[in-house]
Structures are given as structure tokens and as C-alpha cells.
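Chemist: Okay, here's the structure, questions in a sec.
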Amino acid sequence: MPALTHPRRARAAGAGAAGQLRALAVANARYWATVAPAVRAELARWDGPAERIADPILRALAIEKLSDERFNAEVAATLATLAPRRARDAATQAIVSLELLFDYLDGRTELPAANPIDDRLRLFDAFVGALELDAEHAPPDAADSTYPQALADRTRERLIALPAARRVADVARASAERCAQAQTLLHAAVTLGEEQLRRWATERGSGSGLDWRAYAAGSASSVLAVHALIAAAADARTSIDDAQRIDTAYLAIGAVITMLDSLVDYGSDMARGQPSVIRLYDSREQFEQQLCLLVREALARACEAPHGEHHAMTLAGVVAYYTTHPGASDAHARGIATAVRRELSPTIWATLAVMRSWRMAKLTSPHARHRERPALAGRTPARPFDGRADVE
């Protein structure tokens, strides 16, 4: 990953504490007044369709995702606060339905598959198809197909209602395809090894400004880029160039999400034999160095996108969320978490204070959920930092 140039550092500095605090205040006011009610209504809309899935295993999966991972949709919908008021409901509905679709399909990829790549990639057809504005409703061909297809149709219907939908559609679809391919290859690496992932990310990531590991990590979380593009589609002034800059920023922000997610879950993943993107790095030192560089790059890209202060605030929120996670206090993560926070100091301090207060409130709440971690990150098999790059 190339080092940031001085002009880009200067622009990144422009999204300072005052700008981010202003963006945070505006986003909170809009979220609780207009977005949160739309999120609750959209989530409730899908209870019935999930319960009507014929296959009991898939029905249980859909219901579990709606119940246990609703936090993902709530967080994703914060991007809808960027939408003008008249288009905010449609943007929120499109974001929530797409996030529900992604979470459900991500759960499906964890089930056994005869062909780890083709079968899992096919699952994401509905996800990518949701961004095909001229697509027709596909007839059901599986026990649960009416559910993901309905989510895809709802996403497309609400996206088309947004004034700049056609200017962002191609970029959004490419981002969704990138996400589907990365998710598929990351999951397949558990059994097939990481060479296919390496080849794909090296080829596709050429010219992205990210090395292959960061590109794979960012691609795996590119559902967030699609959400940001849906929010941008709500603004009639959004151009194709704006859409490309937003996608570029969220490719880097998504990589930060995936890497931090693997960091805070490293101990539990190792204990349960679960995969982790940490596997792609040869040492703890290499992982820390690349993550810190990536945070700087993500900040610079966020500031170059429209509404840069909001996107910089989103990055600060990502870092604050993960570095206050209980897993960030583990011995293997503590120093890295401190180094990452340092990259955004002092502008992250206010966000950190808010996040710590939120975590304290969750700890004392009788309704605290068992799971709170956004399920955005792609994963590969975990092992200790041992300097080896071979496949176990």
C-alpha cells in the first residue's frame, strides 16, 4: 500500500474533531427522528416471510438473522442520514432489505456445499441482482428462494425510487459482485486454501492502491460500500464520479472493518477453530503495520468523497467500536488497538467516549443482546502469528 502524500494528509486533517462532531450531531438527530422508525418498520416487514420459508433449517437461519443480527441493519442505516428528507425513507428501506439479504446469504455460505466456490457464489446471485435496476422478478427455484428474491426485489424497488439511482447503479453492482466473490473465496479457503483468493485479489486489486490482502478484506465488507452508494443515490446531485469516490473510500474502510473484526475475535476464533483474516499475514508486526497504514489511507479517501466529514466520522466509529470491544483488551490485540486509535487521535476521542458509554449501558441493560458484532467481515482459517504463509 503506498504511503499517503502530504496533500492527502492535509485534506484528511480537514475532517477534524469539529467537523466530525458536527456530522455526528446531525446524523444522530436525523437517525432517531426519521431513520430509526423506518428501520424498525422494515425489519418487522420481514418476520412473516422468514417464518414462511419451507425448509426448517433455512427458516431457522432467517429468523435467527432477523433476531440476533438486526444491529447490522441498524448500523448500516445510519448512512441514510445523508439522504435528503424526502428520499430518506426509501434509502433506509433499500439499505435494510439489502443488509438482511446479505446477512442471510452469508449464513447460507457457512452451510456445507458440494462445490465450495460455484455453489456459494450462486447463492449471491440475488444480492448482486438487487442492484440490477432493469431486472425482472425471478421465479422461485428452491425452498427458500422466495425469501431472498423478495428482499432483492424490495431493495431494487426502493433504489429505483431514488433520483440518482442510475448514476450509482453500475458502481454499486460492481461493488456487490466484488463482495460476493471475496466472501465466496474467503469461505472456500477453509477447505481449498488461500491461493485462489490470492490470485483473485491480486488481479482484481491491481490499481486499487491496496495490496491483495487489504483488497480482499475490503471487498469482503463491500456491502457497506453499497449501502453508502444507496444513500448517495438519494441525492439528485450525485454524479458517477461521486459514486466512484464513495466506493473507493469504503473499499478501504471495509478493509479496516474486516481486519479489526478478525483482531478482536482472534482468541475466540482460535478456541473454536473458526477462520480469521489474520491468517493472511506473516506476523503480528506486519498485521499492525498494514492496519495502521490502512487506517490512514481510509481517512484520506473518506475526506476526498462527498460528505467527507460524515465518512470520516464513520471510520472513527468503526475504529472506536472495535477497539473498545472486549476482545481488544486481550494480550494479542491491546497494543494494536492502541496503535490504531493513535492514527485518528485526537479526532476520535469524542467518538471513543460515546462508544464506551454505549458499551457500559449495554453491560448494565437487562435486554443486552448476546451478539452485537456486525457480521460484515470475511474470514479464513486462524492460526497464531508464526511467520508461516502455507496452508494448513
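If you're wondering about the labels, chains in the C-alpha cells are A, B, ... by order shown, residues count from 1 in each chain, ligands from 1 in order shown.
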Env of segment 148-164 of chain A: 9 Å cut, atoms = only C-alpha atoms, seq-sep filter 2 positions within chain, self excluded. Answer as a ChimeraX atom specification.

Modeler: /A:46,49,87,89-98,100-101,104-105,126-140,144-146,166-169,230-239

Chemist: Write the residues of the selection above to a file with N, CA and C atoms, as a compact mmCIF listing (two decimals), in the first residue's frame.

Modeler:
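So out_8.txt came out as:
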# COMPACT_ATOMS: atom_id res chain seq x y z
N TRP A 46 -40.30 -8.22 7.55
CA TRP A 46 -39.74 -9.49 7.08
C TRP A 46 -39.93 -10.65 8.06
N PRO A 49 -42.40 -13.29 6.12
CA PRO A 49 -41.74 -14.04 5.06
C PRO A 49 -40.69 -15.01 5.57
N ALA A 87 -36.31 11.66 0.44
CA ALA A 87 -35.90 10.36 -0.08
C ALA A 87 -35.34 9.44 1.01
N ASP A 89 -36.71 7.79 3.60
CA ASP A 89 -37.40 6.53 3.89
C ASP A 89 -37.06 5.47 2.85
N ALA A 90 -37.07 5.84 1.57
CA ALA A 90 -36.75 4.88 0.51
C ALA A 90 -35.31 4.39 0.64
N ALA A 91 -34.39 5.30 0.94
CA ALA A 91 -32.98 4.89 1.12
C ALA A 91 -32.85 3.94 2.30
N THR A 92 -33.52 4.24 3.40
CA THR A 92 -33.47 3.38 4.58
C THR A 92 -34.01 2.00 4.27
N GLN A 93 -35.13 1.95 3.59
CA GLN A 93 -35.75 0.66 3.26
C GLN A 93 -34.87 -0.17 2.34
N ALA A 94 -34.22 0.47 1.37
CA ALA A 94 -33.32 -0.25 0.47
C ALA A 94 -32.11 -0.79 1.23
N ILE A 95 -31.55 0.02 2.12
CA ILE A 95 -30.37 -0.39 2.89
C ILE A 95 -30.71 -1.56 3.81
N VAL A 96 -31.82 -1.45 4.52
CA VAL A 96 -32.18 -2.51 5.48
C VAL A 96 -32.47 -3.82 4.75
N SER A 97 -33.24 -3.78 3.68
CA SER A 97 -33.56 -5.01 2.96
C SER A 97 -32.31 -5.64 2.36
N LEU A 98 -31.39 -4.82 1.86
CA LEU A 98 -30.15 -5.38 1.30
C LEU A 98 -29.28 -5.98 2.40
N LEU A 100 -30.32 -7.29 5.25
CA LEU A 100 -30.95 -8.55 5.64
C LEU A 100 -30.64 -9.64 4.63
N LEU A 101 -30.67 -9.31 3.36
CA LEU A 101 -30.35 -10.28 2.32
C LEU A 101 -28.90 -10.74 2.45
N TYR A 104 -28.36 -13.00 5.55
CA TYR A 104 -28.94 -14.32 5.34
C TYR A 104 -28.07 -15.15 4.40
N LEU A 105 -27.63 -14.56 3.30
CA LEU A 105 -26.80 -15.31 2.35
C LEU A 105 -25.44 -15.63 2.96
N ALA A 126 -28.83 -13.30 -5.98
CA ALA A 126 -29.90 -12.39 -5.58
C ALA A 126 -29.33 -11.08 -5.05
N PHE A 127 -28.21 -11.16 -4.34
CA PHE A 127 -27.56 -9.97 -3.78
C PHE A 127 -27.09 -9.04 -4.89
N VAL A 128 -26.39 -9.58 -5.86
CA VAL A 128 -25.92 -8.77 -6.99
C VAL A 128 -27.11 -8.32 -7.83
N GLY A 129 -28.07 -9.22 -8.03
CA GLY A 129 -29.24 -8.89 -8.83
C GLY A 129 -30.09 -7.78 -8.25
N ALA A 130 -30.00 -7.56 -6.95
CA ALA A 130 -30.76 -6.49 -6.33
C ALA A 130 -30.35 -5.12 -6.85
N LEU A 131 -29.14 -5.03 -7.40
CA LEU A 131 -28.63 -3.76 -7.94
C LEU A 131 -28.82 -3.66 -9.44
N GLU A 132 -29.43 -4.67 -10.05
CA GLU A 132 -29.77 -4.65 -11.48
C GLU A 132 -31.12 -3.95 -11.63
N LEU A 133 -31.09 -2.68 -11.99
CA LEU A 133 -32.32 -1.89 -11.94
C LEU A 133 -33.36 -2.35 -12.94
N ASP A 134 -32.95 -2.98 -14.03
CA ASP A 134 -33.90 -3.40 -15.05
C ASP A 134 -34.21 -4.89 -14.99
N ALA A 135 -33.76 -5.55 -13.92
CA ALA A 135 -34.00 -6.99 -13.80
C ALA A 135 -35.47 -7.26 -13.53
N GLU A 136 -35.93 -8.41 -13.98
CA GLU A 136 -37.29 -8.83 -13.71
C GLU A 136 -37.30 -9.79 -12.54
N HIS A 137 -38.45 -9.91 -11.93
CA HIS A 137 -38.61 -10.84 -10.81
C HIS A 137 -38.32 -12.26 -11.29
N ALA A 138 -37.43 -12.98 -10.60
CA ALA A 138 -37.07 -14.34 -10.99
C ALA A 138 -38.02 -15.35 -10.33
N PRO A 139 -38.46 -16.38 -11.05
CA PRO A 139 -39.33 -17.39 -10.44
C PRO A 139 -38.58 -18.20 -9.39
N PRO A 140 -39.23 -18.65 -8.33
CA PRO A 140 -38.56 -19.42 -7.29
C PRO A 140 -38.05 -20.76 -7.83
N ASP A 144 -36.24 -21.84 -0.32
CA ASP A 144 -36.25 -20.54 0.32
C ASP A 144 -36.16 -19.39 -0.66
N SER A 145 -36.23 -19.67 -1.97
CA SER A 145 -35.89 -18.65 -2.95
C SER A 145 -36.84 -17.47 -2.92
N THR A 146 -38.07 -17.67 -2.50
CA THR A 146 -38.99 -16.54 -2.44
C THR A 146 -38.55 -15.51 -1.41
N ARG A 166 -29.64 5.60 -11.16
CA ARG A 166 -28.97 5.11 -12.36
C ARG A 166 -27.54 5.61 -12.46
N ARG A 167 -27.21 6.68 -11.75
CA ARG A 167 -25.82 7.15 -11.77
C ARG A 167 -24.93 6.35 -10.82
N VAL A 168 -25.52 5.71 -9.84
CA VAL A 168 -24.71 4.91 -8.91
C VAL A 168 -24.82 3.41 -9.19
N ALA A 169 -25.77 3.00 -10.03
CA ALA A 169 -26.10 1.57 -10.15
C ALA A 169 -24.93 0.72 -10.61
N ILE A 230 -26.22 3.61 -1.98
CA ILE A 230 -27.68 3.78 -1.94
C ILE A 230 -28.03 5.13 -1.31
N ALA A 231 -27.35 5.47 -0.22
CA ALA A 231 -27.59 6.77 0.41
C ALA A 231 -27.26 7.90 -0.55
N ALA A 232 -26.18 7.76 -1.31
CA ALA A 232 -25.80 8.79 -2.28
C ALA A 232 -26.83 8.90 -3.40
N ALA A 233 -27.46 7.79 -3.75
CA ALA A 233 -28.47 7.80 -4.82
C ALA A 233 -29.68 8.64 -4.44
N ALA A 234 -29.85 8.90 -3.15
CA ALA A 234 -30.98 9.70 -2.69
C ALA A 234 -30.80 11.19 -2.99
N ASP A 235 -29.59 11.58 -3.33
CA ASP A 235 -29.27 12.98 -3.62
C ASP A 235 -29.20 13.17 -5.13
N ALA A 236 -30.07 14.00 -5.68
CA ALA A 236 -30.13 14.20 -7.13
C ALA A 236 -28.83 14.77 -7.68
N ARG A 237 -28.00 15.37 -6.84
CA ARG A 237 -26.75 15.97 -7.32
C ARG A 237 -25.63 14.96 -7.46
N THR A 238 -25.79 13.74 -6.97
CA THR A 238 -24.73 12.74 -7.02
C THR A 238 -24.38 12.39 -8.46
N SER A 239 -23.08 12.39 -8.77
CA SER A 239 -22.59 12.06 -10.11
C SER A 239 -21.94 10.68 -10.11

Chemist: Using the chain letters and numbers from this document, which residues of segment 129-277 of chain A does DSSP assign to helix (DSSP H, G or I), as a VMD selection string?

Modeler: chain A and resid 129 146 to 160 165 to 192 195 to 204 212 to 220 223 to 233 240 to 264 266 to 272 277

Chemist: For segment 249-254 of chain A, work out the shell of residues within 6 Å, counting only C-alpha atoms and skipping chain neighbours fewer than 2 positions away, then give it as a PyMOL selection string.

Modeler: chain A and resi 218+221+225+246-247+256-257+298+301-302

Chemist: Counting only C-alpha atoms, which of A:Leu66, A:Leu363, A:Ala36, A:Leu210 gets nearest to Ala50 of chain A?

Modeler: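 Closest candidate: A:Leu66.
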
Chemist: Check the smallest atom-to-atom distance from each of A:Ala44, A:Leu111, A:Cys292, A:Ala73 to Ala188 of chain A using only C-alpha atoms, then report the winner.

Modeler: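 For Ala188 of chain A, the nearest of the given residues is A:Leu111.
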
Chemist: Which polymer residues have any atom within 8 Å of an atom of segment 17-22 of chain A, counting only C-alpha atoms, with same-chain residues fewer than 2 positions away left out, as a ChimeraX atom specification?

Modeler: /A:14-15,24-26,309-310,312-313,346-348,350

Chemist: Take the residues from that selection and write them out as an mmCIF file, in the first residue's frame, keeping C-alpha atoms.

Modeler:
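Now in result-v4.cif:
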data_model
loop_
_atom_site.group_PDB
_atom_site.id
_atom_site.type_symbol
_atom_site.label_atom_id
_atom_site.label_comp_id
_atom_site.auth_asym_id
_atom_site.auth_seq_id
_atom_site.Cartn_x
_atom_site.Cartn_y
_atom_site.Cartn_z
ATOM 1 C CA GLY A 14 -9.603 18.828 7.282
ATOM 2 C CA ALA A 15 -12.103 16.359 8.701
ATOM 3 C CA LEU A 24 -22.170 13.118 14.438
ATOM 4 C CA ALA A 25 -24.705 15.550 15.888
ATOM 5 C CA VAL A 26 -26.566 15.907 12.587
ATOM 6 C CA GLU A 309 -16.797 14.573 7.361
ATOM 7 C CA HIS A 310 -19.597 12.025 7.667
ATOM 8 C CA ALA A 312 -14.529 10.185 8.360
ATOM 9 C CA MET A 313 -16.926 10.003 11.305
ATOM 10 C CA PRO A 346 -7.353 13.457 18.678
ATOM 11 C CA THR A 347 -10.468 13.468 16.478
ATOM 12 C CA ILE A 348 -11.525 10.014 17.675
ATOM 13 C CA ALA A 350 -15.261 12.121 21.383
#

Chemist: So which one's closest to Val190 of chain A, A:Arg279, A:Arg30, A:Arg245, A:Arg284? Using only C-alpha atoms, please.

Modeler: A:Arg279

Chemist: Leaving out Asp330 of chain A and any residue of its chain fewer than 3 positions from it, which residues lie within 10 Å of it when counting only C-alpha atoms, given as number ranges by chain?

Modeler: A: 263-267, 325-327, 333-335, 337

Chemist: Pick out the residues sitting within 8 Å of Arg341 of chain A, and hand them over as an mmCIF file with N, CA and C atoms, in the first residue's frame; count only C-alpha atoms, and ignore anything fewer than 3 positions along from it in its own chain.

Modeler:
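Listed below is the output, result01.cif:
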data_model
loop_
_atom_site.group_PDB
_atom_site.id
_atom_site.type_symbol
_atom_site.label_atom_id
_atom_site.label_comp_id
_atom_site.auth_asym_id
_atom_site.auth_seq_id
_atom_site.Cartn_x
_atom_site.Cartn_y
_atom_site.Cartn_z
ATOM 1 N N VAL A 319 -13.500 2.308 14.156
ATOM 2 C CA VAL A 319 -12.318 2.090 14.992
ATOM 3 C C VAL A 319 -12.699 2.131 16.473
ATOM 4 N N ALA A 320 -13.561 3.069 16.858
ATOM 5 C CA ALA A 320 -13.983 3.156 18.257
ATOM 6 C C ALA A 320 -14.754 1.907 18.665
ATOM 7 N N THR A 323 -12.152 -1.125 18.836
ATOM 8 C CA THR A 323 -11.065 -1.001 19.813
ATOM 9 C C THR A 323 -11.583 -0.849 21.236
ATOM 10 N N ALA A 337 -4.634 -2.267 19.029
ATOM 11 C CA ALA A 337 -5.785 -1.377 19.193
ATOM 12 C C ALA A 337 -5.336 0.031 19.564
ATOM 13 N N THR A 338 -4.346 0.124 20.443
ATOM 14 C CA THR A 338 -3.828 1.437 20.836
ATOM 15 C C THR A 338 -3.190 2.147 19.650
ATOM 16 N N LEU A 344 -5.985 8.081 14.539
ATOM 17 C CA LEU A 344 -7.114 9.000 14.393
ATOM 18 C C LEU A 344 -7.195 10.013 15.528
ATOM 19 N N SER A 345 -6.213 10.019 16.406
ATOM 20 C CA SER A 345 -6.215 10.979 17.510
ATOM 21 C C SER A 345 -5.817 12.363 16.971
ATOM 22 N N ILE A 348 -10.734 11.178 17.274
ATOM 23 C CA ILE A 348 -11.525 10.014 17.675
ATOM 24 C C ILE A 348 -11.951 10.070 19.133
#

Chemist: When you draw a straight line from atom CA of Ala80 of chain A to atom CA of Val39 of chain A, how long is it in Å?

Modeler: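 About the pair atom CA of Ala80 of chain A and atom CA of Val39 of chain A: they are 10.2 Å apart.
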
Chemist: Show which residues sit within 12 Å of segment 203-209 of chain A, as a VMD selection string. Count only C-alpha atoms, and ignore same-chain residues fewer than 2 positions away.

Modeler: chain A and resid 1 to 4 174 to 175 177 to 179 181 to 182 196 to 201 211 to 219 244 to 245 247 to 252 293 to 294 297 to 298 301

Chemist: Record the distance separating atom CA of Leu192 of chain A and atom CA of Asp118 of chain A, expressed in Å with one decimal.

Modeler: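 For atom CA of Leu192 of chain A relative to atom CA of Asp118 of chain A, the distance reads 12.7 Å.
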